[in-house]
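Text of the file final_31.tsv, holding TSV, C-alpha atoms and all ligand atoms:
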```
chain	number	residue	atom	x	y	z
A	65	MET	CA	17.26	-18.51	-27.52
A	66	SER	CA	17.20	-21.52	-25.18
A	67	THR	CA	15.87	-20.99	-21.63
A	68	GLN	CA	19.31	-21.81	-20.17
A	69	ARG	CA	20.94	-19.13	-22.31
A	70	LEU	CA	18.19	-16.63	-21.48
A	71	ILE	CA	18.67	-17.24	-17.74
A	72	PHE	CA	22.44	-16.79	-18.17
A	73	TRP	CA	22.01	-13.39	-19.85
A	74	LEU	CA	19.29	-12.33	-17.42
A	75	ARG	CA	21.62	-13.05	-14.50
A	76	GLN	CA	24.53	-11.17	-16.11
A	77	ALA	CA	22.35	-8.16	-16.95
A	78	THR	CA	21.00	-8.13	-13.37
A	79	LEU	CA	24.54	-8.16	-11.98
A	80	VAL	CA	25.53	-5.18	-14.13
A	81	LEU	CA	22.35	-3.26	-13.21
A	82	LEU	CA	22.90	-3.95	-9.49
A	83	CYS	CA	26.46	-2.54	-9.68
A	84	LEU	CA	25.47	0.62	-11.57
A	85	PRO	CA	24.25	2.73	-8.58
A	86	ALA	CA	27.49	2.01	-6.66
A	87	LEU	CA	29.61	2.83	-9.73
A	88	HIS	CA	27.63	6.03	-10.32
A	89	LEU	CA	28.11	7.01	-6.66
A	90	ALA	CA	31.86	6.28	-6.88
A	91	TRP	CA	32.05	8.41	-10.04
A	92	ARG	CA	30.18	11.31	-8.37
A	93	TRP	CA	32.54	11.02	-5.39
A	94	TYR	CA	35.61	10.96	-7.66
A	95	THR	CA	34.43	13.99	-9.70
A	96	ASP	CA	33.42	15.93	-6.57
A	97	ASP	CA	29.79	15.92	-7.68
A	98	LEU	CA	28.12	15.02	-4.36
A	99	GLY	CA	27.25	18.56	-3.30
A	100	ALA	CA	28.15	20.48	-0.17
A	101	ARG	CA	27.71	17.45	2.12
A	102	PRO	CA	29.11	14.50	0.15
A	103	VAL	CA	28.98	12.00	3.01
A	104	THR	CA	25.33	12.79	3.79
A	105	GLU	CA	24.47	12.51	0.08
A	106	ALA	CA	26.30	9.15	-0.14
A	107	THR	CA	24.44	7.92	2.98
A	108	HIS	CA	21.12	8.90	1.40
A	109	VAL	CA	21.88	7.35	-2.00
A	110	THR	CA	22.98	4.01	-0.51
A	111	GLY	CA	19.99	3.99	1.89
A	112	ASP	CA	17.59	4.62	-1.00
A	113	TRP	CA	19.06	1.83	-3.12
A	114	THR	CA	18.90	-0.61	-0.18
A	115	VAL	CA	15.15	0.01	0.03
A	116	VAL	CA	14.73	-0.22	-3.76
A	117	PHE	CA	16.53	-3.59	-3.95
A	118	LEU	CA	14.70	-4.89	-0.88
A	119	LEU	CA	11.35	-4.12	-2.52
A	120	CYS	CA	12.54	-5.52	-5.89
A	121	SER	CA	13.54	-8.82	-4.26
A	122	LEU	CA	10.07	-9.04	-2.69
A	123	ALA	CA	8.45	-8.16	-6.02
A	124	LEU	CA	9.93	-11.10	-7.92
A	125	THR	CA	7.48	-13.74	-6.63
A	126	PRO	CA	4.40	-11.71	-7.67
A	127	ALA	CA	6.13	-10.73	-10.94
A	128	ARG	CA	6.83	-14.39	-11.79
A	129	ALA	CA	3.23	-15.36	-11.06
A	130	THR	CA	1.51	-12.49	-12.87
A	131	PHE	CA	3.84	-12.44	-15.90
A	132	ASP	CA	3.95	-16.26	-15.86
A	133	TRP	CA	7.71	-16.12	-16.51
A	134	MET	CA	9.78	-18.60	-14.49
A	135	PRO	CA	13.31	-17.22	-15.22
A	136	LEU	CA	12.56	-14.25	-12.91
A	137	VAL	CA	13.08	-16.50	-9.85
A	138	GLN	CA	16.71	-16.95	-10.91
A	139	ILE	CA	17.64	-13.36	-10.07
A	140	ARG	CA	15.91	-13.07	-6.69
A	141	ARG	CA	18.93	-14.18	-4.67
A	142	ARG	CA	21.30	-11.67	-6.27
A	143	ILE	CA	18.91	-8.78	-5.73
A	144	GLY	CA	18.48	-9.74	-2.06
A	145	VAL	CA	22.25	-9.99	-1.59
A	146	ALA	CA	22.67	-6.61	-3.33
A	147	ALA	CA	20.21	-5.06	-0.82
A	148	ALA	CA	22.36	-6.39	2.04
A	149	LEU	CA	25.58	-5.14	0.39
A	150	TYR	CA	24.16	-1.65	-0.18
A	151	ALA	CA	22.99	-1.62	3.47
A	152	GLY	CA	26.54	-2.59	4.50
A	153	LEU	CA	27.97	0.24	2.38
A	154	HIS	CA	25.40	2.65	3.87
A	155	PHE	CA	26.56	1.63	7.35
A	156	LEU	CA	30.26	1.90	6.43
A	157	ILE	CA	29.75	5.43	5.09
A	158	TYR	CA	28.04	6.31	8.38
A	159	VAL	CA	30.98	4.81	10.34
A	160	ALA	CA	33.44	6.77	8.16
A	161	ASP	CA	31.41	9.92	8.92
A	162	GLN	CA	31.98	9.20	12.63
A	163	LYS	CA	35.77	9.15	11.92
A	164	TRP	CA	35.80	5.33	12.32
A	165	ASP	CA	35.25	5.74	16.07
A	166	LEU	CA	33.35	2.51	16.81
A	167	VAL	CA	32.57	3.56	20.39
A	168	VAL	CA	30.78	6.68	19.13
A	169	VAL	CA	28.98	4.57	16.50
A	170	ALA	CA	27.83	2.04	19.13
A	171	LEU	CA	26.69	4.81	21.49
A	172	GLU	CA	24.77	6.59	18.70
A	173	ILE	CA	23.10	3.33	17.64
A	174	ALA	CA	22.08	2.66	21.25
A	175	LYS	CA	20.88	6.26	21.78
A	176	ARG	CA	18.99	7.08	18.59
A	177	PHE	CA	15.93	4.92	17.89
A	178	TYR	CA	16.10	5.30	14.08
A	179	LEU	CA	19.72	4.09	14.13
A	180	THR	CA	18.84	1.19	16.46
A	181	ILE	CA	16.21	-0.09	14.04
A	182	GLY	CA	18.54	0.58	11.08
A	183	PHE	CA	21.15	-1.58	12.77
A	184	ALA	CA	18.61	-4.34	13.51
A	185	THR	CA	17.60	-4.27	9.83
A	186	LEU	CA	21.22	-4.48	8.75
A	187	LEU	CA	21.79	-7.55	10.96
A	188	MET	CA	18.73	-9.27	9.51
A	189	LEU	CA	19.75	-8.49	5.91
A	190	ALA	CA	23.28	-9.77	6.62
A	191	ALA	CA	21.91	-13.02	8.08
A	192	LEU	CA	19.66	-13.48	5.02
A	193	ALA	CA	22.50	-12.77	2.55
A	194	ILE	CA	24.98	-15.11	4.29
A	195	THR	CA	22.49	-18.00	4.45
A	196	SER	CA	21.18	-17.47	0.91
A	197	THR	CA	23.56	-20.06	-0.61
A	198	ASN	CA	22.50	-23.59	-1.65
A	199	GLY	CA	24.84	-25.01	1.04
A	200	TRP	CA	23.07	-23.13	3.84
A	201	GLN	CA	19.70	-24.03	2.34
A	202	ARG	CA	20.63	-27.75	2.56
A	203	ARG	CA	22.13	-27.38	6.05
A	204	LEU	CA	19.16	-25.51	7.57
A	205	LYS	CA	16.50	-27.63	5.81
A	206	ARG	CA	13.04	-26.53	6.94
A	207	ASN	CA	14.50	-23.82	9.21
A	208	TRP	CA	15.84	-22.04	6.12
A	209	LYS	CA	12.33	-20.97	5.13
A	210	ARG	CA	11.61	-19.89	8.70
A	211	LEU	CA	14.81	-17.83	8.83
A	212	HIS	CA	14.13	-16.21	5.47
A	213	TRP	CA	10.77	-15.06	6.71
A	214	LEU	CA	12.94	-12.35	8.41
A	215	ILE	CA	12.77	-10.42	5.14
A	216	TYR	CA	9.33	-9.09	6.22
A	217	PRO	CA	10.32	-7.59	9.62
A	218	ALA	CA	13.54	-6.35	7.95
A	219	ALA	CA	11.50	-4.49	5.33
A	220	VAL	CA	9.13	-3.03	7.96
A	221	LEU	CA	12.00	-1.82	10.16
A	222	GLY	CA	13.93	-0.49	7.14
A	223	LEU	CA	10.87	1.52	6.10
A	224	LEU	CA	10.37	2.82	9.64
A	225	HIS	CA	14.03	3.95	9.67
A	226	PHE	CA	13.35	5.67	6.32
A	227	PHE	CA	10.25	7.46	7.71
A	228	ILE	CA	11.91	8.61	10.93
A	229	GLN	CA	15.04	10.00	9.30
A	230	SER	CA	12.97	11.82	6.62
A	231	LYS	CA	11.66	14.16	9.33
A	232	ALA	CA	9.33	16.83	7.80
A	233	ASN	CA	8.84	15.39	4.29
A	234	VAL	CA	7.85	11.72	4.17
A	235	GLY	CA	6.97	11.65	0.46
A	236	GLU	CA	9.58	9.07	-0.56
A	237	PRO	CA	9.06	6.68	2.38
A	238	THR	CA	5.28	6.89	1.79
A	239	VAL	CA	5.75	5.77	-1.82
A	240	ALA	CA	8.05	2.93	-0.68
A	241	ALA	CA	5.55	1.90	2.03
A	242	GLY	CA	2.73	1.95	-0.57
A	243	PHE	CA	4.70	-0.46	-2.79
A	244	PHE	CA	5.44	-2.63	0.24
A	245	ALA	CA	1.70	-2.70	1.03
A	246	TRP	CA	1.04	-3.84	-2.58
A	247	LEU	CA	3.51	-6.72	-2.12
A	248	MET	CA	2.03	-7.75	1.23
A	249	ILE	CA	-1.61	-7.54	0.10
A	250	TRP	CA	-0.70	-9.68	-2.93
A	251	ARG	CA	0.67	-12.37	-0.60
A	252	LEU	CA	-2.45	-12.23	1.61
A	253	MET	CA	-4.91	-12.37	-1.30
A	254	PRO	CA	-6.66	-15.64	-2.26
A	255	ALA	CA	-4.38	-17.42	-4.79
A	256	LYS	CA	-7.11	-17.34	-7.48
A	257	LEU	CA	-7.32	-13.53	-7.40
A	258	ARG	CA	-3.56	-12.89	-7.49
A	259	THR	CA	-3.16	-13.25	-11.25
A	260	ARG	CA	-6.57	-11.95	-12.34
A	261	PHE	CA	-7.04	-8.40	-13.61
A	262	SER	CA	-9.79	-7.84	-11.02
A	263	GLY	CA	-7.30	-8.85	-8.30
A	264	LEU	CA	-4.63	-6.53	-9.67
A	265	LEU	CA	-7.14	-3.66	-9.76
A	266	LEU	CA	-8.12	-4.34	-6.14
A	267	LEU	CA	-4.40	-4.37	-5.30
A	268	ALA	CA	-3.89	-0.98	-6.95
A	269	ILE	CA	-6.74	0.48	-4.90
A	270	GLY	CA	-5.57	-1.24	-1.70
A	271	ALA	CA	-1.93	-0.10	-2.05
A	272	THR	CA	-3.02	3.49	-2.82
A	273	LEU	CA	-5.31	3.53	0.22
A	274	ALA	CA	-2.52	2.05	2.35
A	275	ALA	CA	-0.12	4.81	1.19
A	276	PHE	CA	-2.78	7.38	2.12
A	277	VAL	CA	-3.24	5.81	5.57
A	278	PHE	CA	0.55	5.79	6.18
A	279	GLU	CA	0.76	9.45	5.17
A	280	VAL	CA	-2.23	10.49	7.29
A	281	ALA	CA	-0.98	8.49	10.29
A	282	TRP	CA	2.55	9.89	10.05
A	283	TYR	CA	1.65	13.56	9.52
A	284	GLY	CA	-1.20	13.26	12.03
A	285	LEU	CA	0.80	11.63	14.81
A	286	VAL	CA	4.13	13.41	14.28
A	287	ASN	CA	3.12	16.85	12.97
A	288	GLY	CA	-0.51	17.08	14.13
A	289	ILE	CA	-1.70	17.72	10.54
A	290	SER	CA	-5.39	17.01	9.90
A	291	PRO	CA	-6.31	14.26	7.37
A	292	LEU	CA	-8.55	16.82	5.59
A	293	ARG	CA	-5.49	18.87	4.60
A	294	LEU	CA	-3.94	15.76	3.09
A	295	ILE	CA	-7.15	14.89	1.22
A	296	ASN	CA	-7.22	18.45	-0.16
A	297	ALA	CA	-3.57	18.15	-1.20
A	298	ASP	CA	-4.22	14.77	-2.87
A	299	ILE	CA	-7.12	16.13	-4.97
A	300	ASP	CA	-5.34	19.39	-5.88
A	301	PRO	CA	-4.16	19.01	-9.52
A	302	ASP	CA	-1.40	21.60	-8.91
A	303	LEU	CA	0.22	19.27	-6.37
A	304	PHE	CA	0.28	16.25	-8.73
A	305	PRO	CA	2.09	13.83	-8.43
A	306	ARG	CA	1.81	13.22	-4.69
A	307	PRO	CA	2.91	9.90	-3.10
A	308	VAL	CA	-0.54	8.31	-3.42
A	309	HIS	CA	-0.67	9.22	-7.13
A	310	LYS	CA	2.73	7.60	-7.67
A	311	VAL	CA	1.63	4.37	-5.97
A	312	LEU	CA	-1.60	4.33	-8.02
A	313	MET	CA	0.20	5.04	-11.31
A	314	VAL	CA	2.83	2.33	-10.80
A	315	SER	CA	0.15	-0.19	-9.71
A	316	LEU	CA	-1.95	0.61	-12.81
A	317	GLY	CA	1.24	0.50	-14.91
A	318	ALA	CA	1.79	-3.05	-13.65
A	319	ILE	CA	-1.69	-4.01	-14.93
A	320	VAL	CA	-0.90	-2.55	-18.37
A	321	LEU	CA	2.37	-4.53	-18.48
A	322	VAL	CA	0.60	-7.76	-17.50
A	323	ALA	CA	-2.06	-7.10	-20.18
A	324	ALA	CA	0.67	-6.48	-22.79
A	325	ARG	CA	2.50	-9.67	-21.82
A	326	ARG	CA	-0.68	-11.76	-21.97
A	327	GLY	CA	-1.71	-10.12	-25.24
A	328	ALA	CA	1.69	-10.94	-26.76
A	329	ALA	CA	1.45	-14.56	-25.53
A	330	LEU	CA	-2.05	-14.90	-27.06
A	331	LEU	CA	-0.86	-13.49	-30.38
A	332	LYS	CA	2.13	-15.84	-30.41
A	333	ARG	CA	-0.14	-18.84	-29.78
A	334	HIS	CA	-2.53	-17.68	-32.51
A	335	TRP	CA	0.28	-17.27	-35.08
A	336	THR	CA	1.85	-20.61	-34.14
A	337	ARG	CA	-1.49	-22.40	-34.65
A	338	ARG	CA	-2.04	-20.58	-37.94
A	339	TYR	CA	1.46	-21.46	-39.10
A	340	ILE	CA	0.93	-25.14	-38.25
A	341	ARG	CA	-2.45	-25.12	-40.02
A	342	THR	CA	-1.09	-23.55	-43.19
A	343	THR	CA	2.21	-25.41	-43.45
A	344	ILE	CA	1.43	-28.93	-42.20
A	345	PRO	CA	-1.16	-30.63	-44.42
A	346	THR	CA	-3.94	-32.52	-42.64
A	347	SER	CA	-4.52	-36.13	-43.77
B	1	LIG	C1	23.44	0.45	11.33
B	1	LIG	C2	22.73	0.62	10.28
B	1	LIG	C3	22.34	1.97	9.74
B	1	LIG	C4	22.78	3.22	10.05
B	1	LIG	C5	23.83	3.62	11.07
B	1	LIG	C6	22.06	4.14	9.23
B	1	LIG	C7	22.23	5.52	9.24
B	1	LIG	C8	21.56	6.42	8.46
B	1	LIG	C9	21.76	7.85	8.46
B	1	LIG	C10	22.74	8.59	9.37
B	1	LIG	C11	20.93	8.38	7.55
B	1	LIG	C12	20.80	9.87	7.17
B	1	LIG	C13	20.02	10.63	8.20
B	1	LIG	C14	20.02	12.11	7.97
B	1	LIG	O1	20.50	12.61	6.94
B	1	LIG	O2	19.52	12.81	8.85
B	1	LIG	C15	20.19	7.30	6.96
B	1	LIG	C16	19.25	7.44	5.99
B	1	LIG	C17	18.61	6.39	5.37
B	1	LIG	N1	18.77	5.05	5.65
B	1	LIG	FE1	19.98	4.26	7.05
B	1	LIG	N2	21.19	3.46	8.44
B	1	LIG	C18	21.34	2.13	8.72
B	1	LIG	C19	20.66	1.07	8.12
B	1	LIG	C20	19.78	1.20	7.11
B	1	LIG	C21	19.13	0.11	6.43
B	1	LIG	C22	19.36	-1.37	6.76
B	1	LIG	C23	18.33	0.65	5.48
B	1	LIG	C24	17.41	-0.01	4.50
B	1	LIG	C25	16.71	-1.08	4.69
B	1	LIG	C26	18.48	2.09	5.54
B	1	LIG	C27	17.83	2.97	4.73
B	1	LIG	C28	17.98	4.34	4.80
B	1	LIG	C29	17.26	5.26	3.93
B	1	LIG	C30	16.28	4.87	2.82
B	1	LIG	C31	17.66	6.53	4.30
B	1	LIG	C32	17.15	7.84	3.70
B	1	LIG	C33	17.70	8.15	2.35
B	1	LIG	C34	17.09	9.43	1.81
B	1	LIG	O3	16.51	10.21	2.55
B	1	LIG	O4	17.20	9.65	0.59
B	1	LIG	N3	19.38	2.38	6.54
B	1	LIG	N4	20.59	6.11	7.53
```
Transcribe the structure of this file into structure tokens.
Ligand code: HEM
Amino acid sequence: MSTQRLIFWLRQATLVLLCLPALHLAWRWYTDDLGARPVTEATHVTGDWTVVFLLCSLALTPARATFDWMPLVQIRRRIGVAAALYAGLHFLIYVADQKWDLVVVALEIAKRFYLTIGFATLLMLAALAITSTNGWQRRLKRNWKRLHWLIYPAAVLGLLHFFIQSKANVGEPTVAAGFFAWLMIWRLMPAKLRTRFSGLLLLAIGATLAAFVFEVAWYGLVNGISPLRLINADIDPDLFPRPVHKVLMVSLGAIVLVAARRGAALLKRHWTRRYIRTTIPTS
């Protein structure tokens, strides 16, 4: 398949995959399958997918570099726009829950810190989605890159919103923050290390430690829980998988995938050389 054709199908498949969570949610709504509090469930589902797509859009640059596969860049814009659209839907469901009373919505956003930062994140994601087109890129020139740097504060504030609203159990936000740490450490690492296995191993350790620090800091500061209790929980096999284990497993999984991709590329090169040697006679 030609690269052009591959990119075409990759973009179409991405579009379908990005629509699936919304379609699934609509189906659950239609079939009355959202539980006792359907609006709360819909708010949670759309919030979760916003974070997932936000992290996926940030993961594409490292994925392209480590898998050495250029077409991946072609889907970054759609994933970023999808994150903004899911955030918009998340907000709309919240507004619907407030009986479309915009004064109440504004007062709640001003009063509750986790909603204030959620709103700030939404504004940033909207600005990034609107200016993501080629036209805006041309118009803003060098400022486009500066503006799109907003993705980092947006991700931090989105994660903080996730932590605060999770209240007593911050398992899911800890996993998301661990993945975010992986993505940030990758960007801060020396370029030479980023694609090496030793670098990826360091990343796995760094992201797992970061997830542990987030967990300890949150439970320590908010619930007064001692770090020792968390260490005990993390080494207790009965409590597997805890957030730190999930971050470690996914990070190690990424190394296995990179190894498989490089192994396949090596094999392909070997077979191509062998084919040339056996079929094209040397003079
Ligand atoms: C004005 C904007 C926003 C409002 C009003 C809002 C409101 C809410 C509300 C009411 C909840 C549920 C809280 C509860 O059940 O106690 C929630 C959860 C959540 N929100 Fe937002 N949010 C906003 C923006 C965002 C953005 C931009 C993101 C992502 C970057 C986000 C991610 C989440 C996540 C991940 C959850 C938790 C889902 C779960 O627990 O499974 N929110 N939000």
Could you jot down the CA of Arg101 in chain A to CA of Gly242 in chain A separation for me, Å, one decimal place?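 Interatomic distance, CA of Arg101 in chain A to CA of Gly242 in chain A: 29.5 Å.
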7 Å from ligand LIG 1 (chain B) is the threshold here; counting all atoms listed in the file, which polymer residues fall inside it? Answer as JSON, numbers by chain. {"A": [104, 107, 108, 109, 111, 112, 114, 115, 151, 154, 155, 158, 173, 179, 180, 182, 183, 185, 186, 218, 219, 222, 223, 225, 226, 229, 230]}
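As for CA of Ala245 in chain A and CA of Ala271 in chain A, they are spaced 5.4 Å apart.
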Report as a Markdown table: every residue of range 165-252 of chain A with an atom at most 8 Å from range 285-308 of chain A, its closest pair of atoms, and their distance in Å to one decimal, counting only C-alpha atoms, with rows sorted by chain and ascending residue number.
```
| residue | atom | partner | partner_atom | distance |
| --- | --- | --- | --- | --- |
| A:Gly235 | CA | A:Pro307 | CA | 5.7 |
| A:Glu236 | CA | A:Pro307 | CA | 7.2 |
| A:Thr238 | CA | A:Pro307 | CA | 6.2 |
| A:Val239 | CA | A:Pro307 | CA | 5.2 |
| A:Gly242 | CA | A:Val308 | CA | 7.7 |
```
Please indicate the distance in Å from CA of Ala324 in chain A to CA of Phe131 in chain A, rounded to one decimal place. 9.6 Å
Write out as a list in words the residues lying within 9 Å of range 248-255 of chain A, counting all atoms listed in the file and excluding same-chain residues fewer than 3 positions away. Pro126, Tyr216, Phe243, Phe244, Ala245, Arg258, Thr259, Gly263, Leu264, Leu267, Gly270 and Ala271 of chain A
If you count only C-alpha atoms, which residues fall within 12 Å of Ala190 in chain A, apart from same-chain ones fewer than 2 positions away, as a ChimeraX atom specification? /A:144-153,155,183-188,192-196,211-212,214-215,218
For those residues, write C-alpha atoms to a file as an mmCIF file, keeping the file's coordinate frame.
```
data_model
loop_
_atom_site.group_PDB
_atom_site.id
_atom_site.type_symbol
_atom_site.label_atom_id
_atom_site.label_comp_id
_atom_site.auth_asym_id
_atom_site.auth_seq_id
_atom_site.Cartn_x
_atom_site.Cartn_y
_atom_site.Cartn_z
ATOM 1 C CA GLY A 144 18.480 -9.740 -2.060
ATOM 2 C CA VAL A 145 22.250 -9.990 -1.590
ATOM 3 C CA ALA A 146 22.670 -6.610 -3.330
ATOM 4 C CA ALA A 147 20.210 -5.060 -0.820
ATOM 5 C CA ALA A 148 22.360 -6.390 2.040
ATOM 6 C CA LEU A 149 25.580 -5.140 0.390
ATOM 7 C CA TYR A 150 24.160 -1.650 -0.180
ATOM 8 C CA ALA A 151 22.990 -1.620 3.470
ATOM 9 C CA GLY A 152 26.540 -2.590 4.500
ATOM 10 C CA LEU A 153 27.970 0.240 2.380
ATOM 11 C CA PHE A 155 26.560 1.630 7.350
ATOM 12 C CA PHE A 183 21.150 -1.580 12.770
ATOM 13 C CA ALA A 184 18.610 -4.340 13.510
ATOM 14 C CA THR A 185 17.600 -4.270 9.830
ATOM 15 C CA LEU A 186 21.220 -4.480 8.750
ATOM 16 C CA LEU A 187 21.790 -7.550 10.960
ATOM 17 C CA MET A 188 18.730 -9.270 9.510
ATOM 18 C CA LEU A 192 19.660 -13.480 5.020
ATOM 19 C CA ALA A 193 22.500 -12.770 2.550
ATOM 20 C CA ILE A 194 24.980 -15.110 4.290
ATOM 21 C CA THR A 195 22.490 -18.000 4.450
ATOM 22 C CA SER A 196 21.180 -17.470 0.910
ATOM 23 C CA LEU A 211 14.810 -17.830 8.830
ATOM 24 C CA HIS A 212 14.130 -16.210 5.470
ATOM 25 C CA LEU A 214 12.940 -12.350 8.410
ATOM 26 C CA ILE A 215 12.770 -10.420 5.140
ATOM 27 C CA ALA A 218 13.540 -6.350 7.950
#
```
Nearest residue to Arg325 in chain A out of A:Arg128, A:His309, A:Lys209, A:Arg176, using only C-alpha atoms? A:Arg128
With only C-alpha atoms as the atoms that count, which of A:Trp164, A:Trp282, A:Tyr339, A:Trp91 lies nearest to Pro237 in chain A? A:Trp282
Report as an NGL selection string all protein, DNA and RNA residues lying within 8 Å of Pro135 in chain A, evaluated on only C-alpha atoms, omitting residues in the same chain fewer than 5 positions from it. :A and (67 or 70-71 or 128)
Within 10 Å of Thr125 in chain A, counting only C-alpha atoms, which residues show up once you throw out same-chain ones fewer than 6 positions away? Write them as a compact mmCIF listing (two decimals) with C-alpha atoms, in the frame of the given file, please.
```txt
# COMPACT_ATOMS: atom_id res chain seq x y z
CA MET A 134 9.78 -18.60 -14.49
CA LEU A 136 12.56 -14.25 -12.91
CA VAL A 137 13.08 -16.50 -9.85
CA ARG A 140 15.91 -13.07 -6.69
CA LEU A 247 3.51 -6.72 -2.12
CA TRP A 250 -0.70 -9.68 -2.93
CA ARG A 251 0.67 -12.37 -0.60
```
Quick one: everything within 8 Å of Ile139 in chain A, counting all atoms listed in the file, minus sequence neighbours fewer than 3 positions away in the same chain. Send it as a list in words. Leu74, Arg75, Thr78, Pro135, Leu136, Arg142 and Ile143 of chain A
Expected file contents, prior selection, C-alpha atoms, as a PDB file, in the frame of the given file:
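result.pdb written:
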```
ATOM      1  CA  LEU A  74      19.290 -12.330 -17.420  1.00  0.00           C
ATOM      2  CA  ARG A  75      21.620 -13.050 -14.500  1.00  0.00           C
ATOM      3  CA  THR A  78      21.000  -8.130 -13.370  1.00  0.00           C
ATOM      4  CA  PRO A 135      13.310 -17.220 -15.220  1.00  0.00           C
ATOM      5  CA  LEU A 136      12.560 -14.250 -12.910  1.00  0.00           C
ATOM      6  CA  ARG A 142      21.300 -11.670  -6.270  1.00  0.00           C
ATOM      7  CA  ILE A 143      18.910  -8.780  -5.730  1.00  0.00           C
TER       8      ILE A 143
END
```
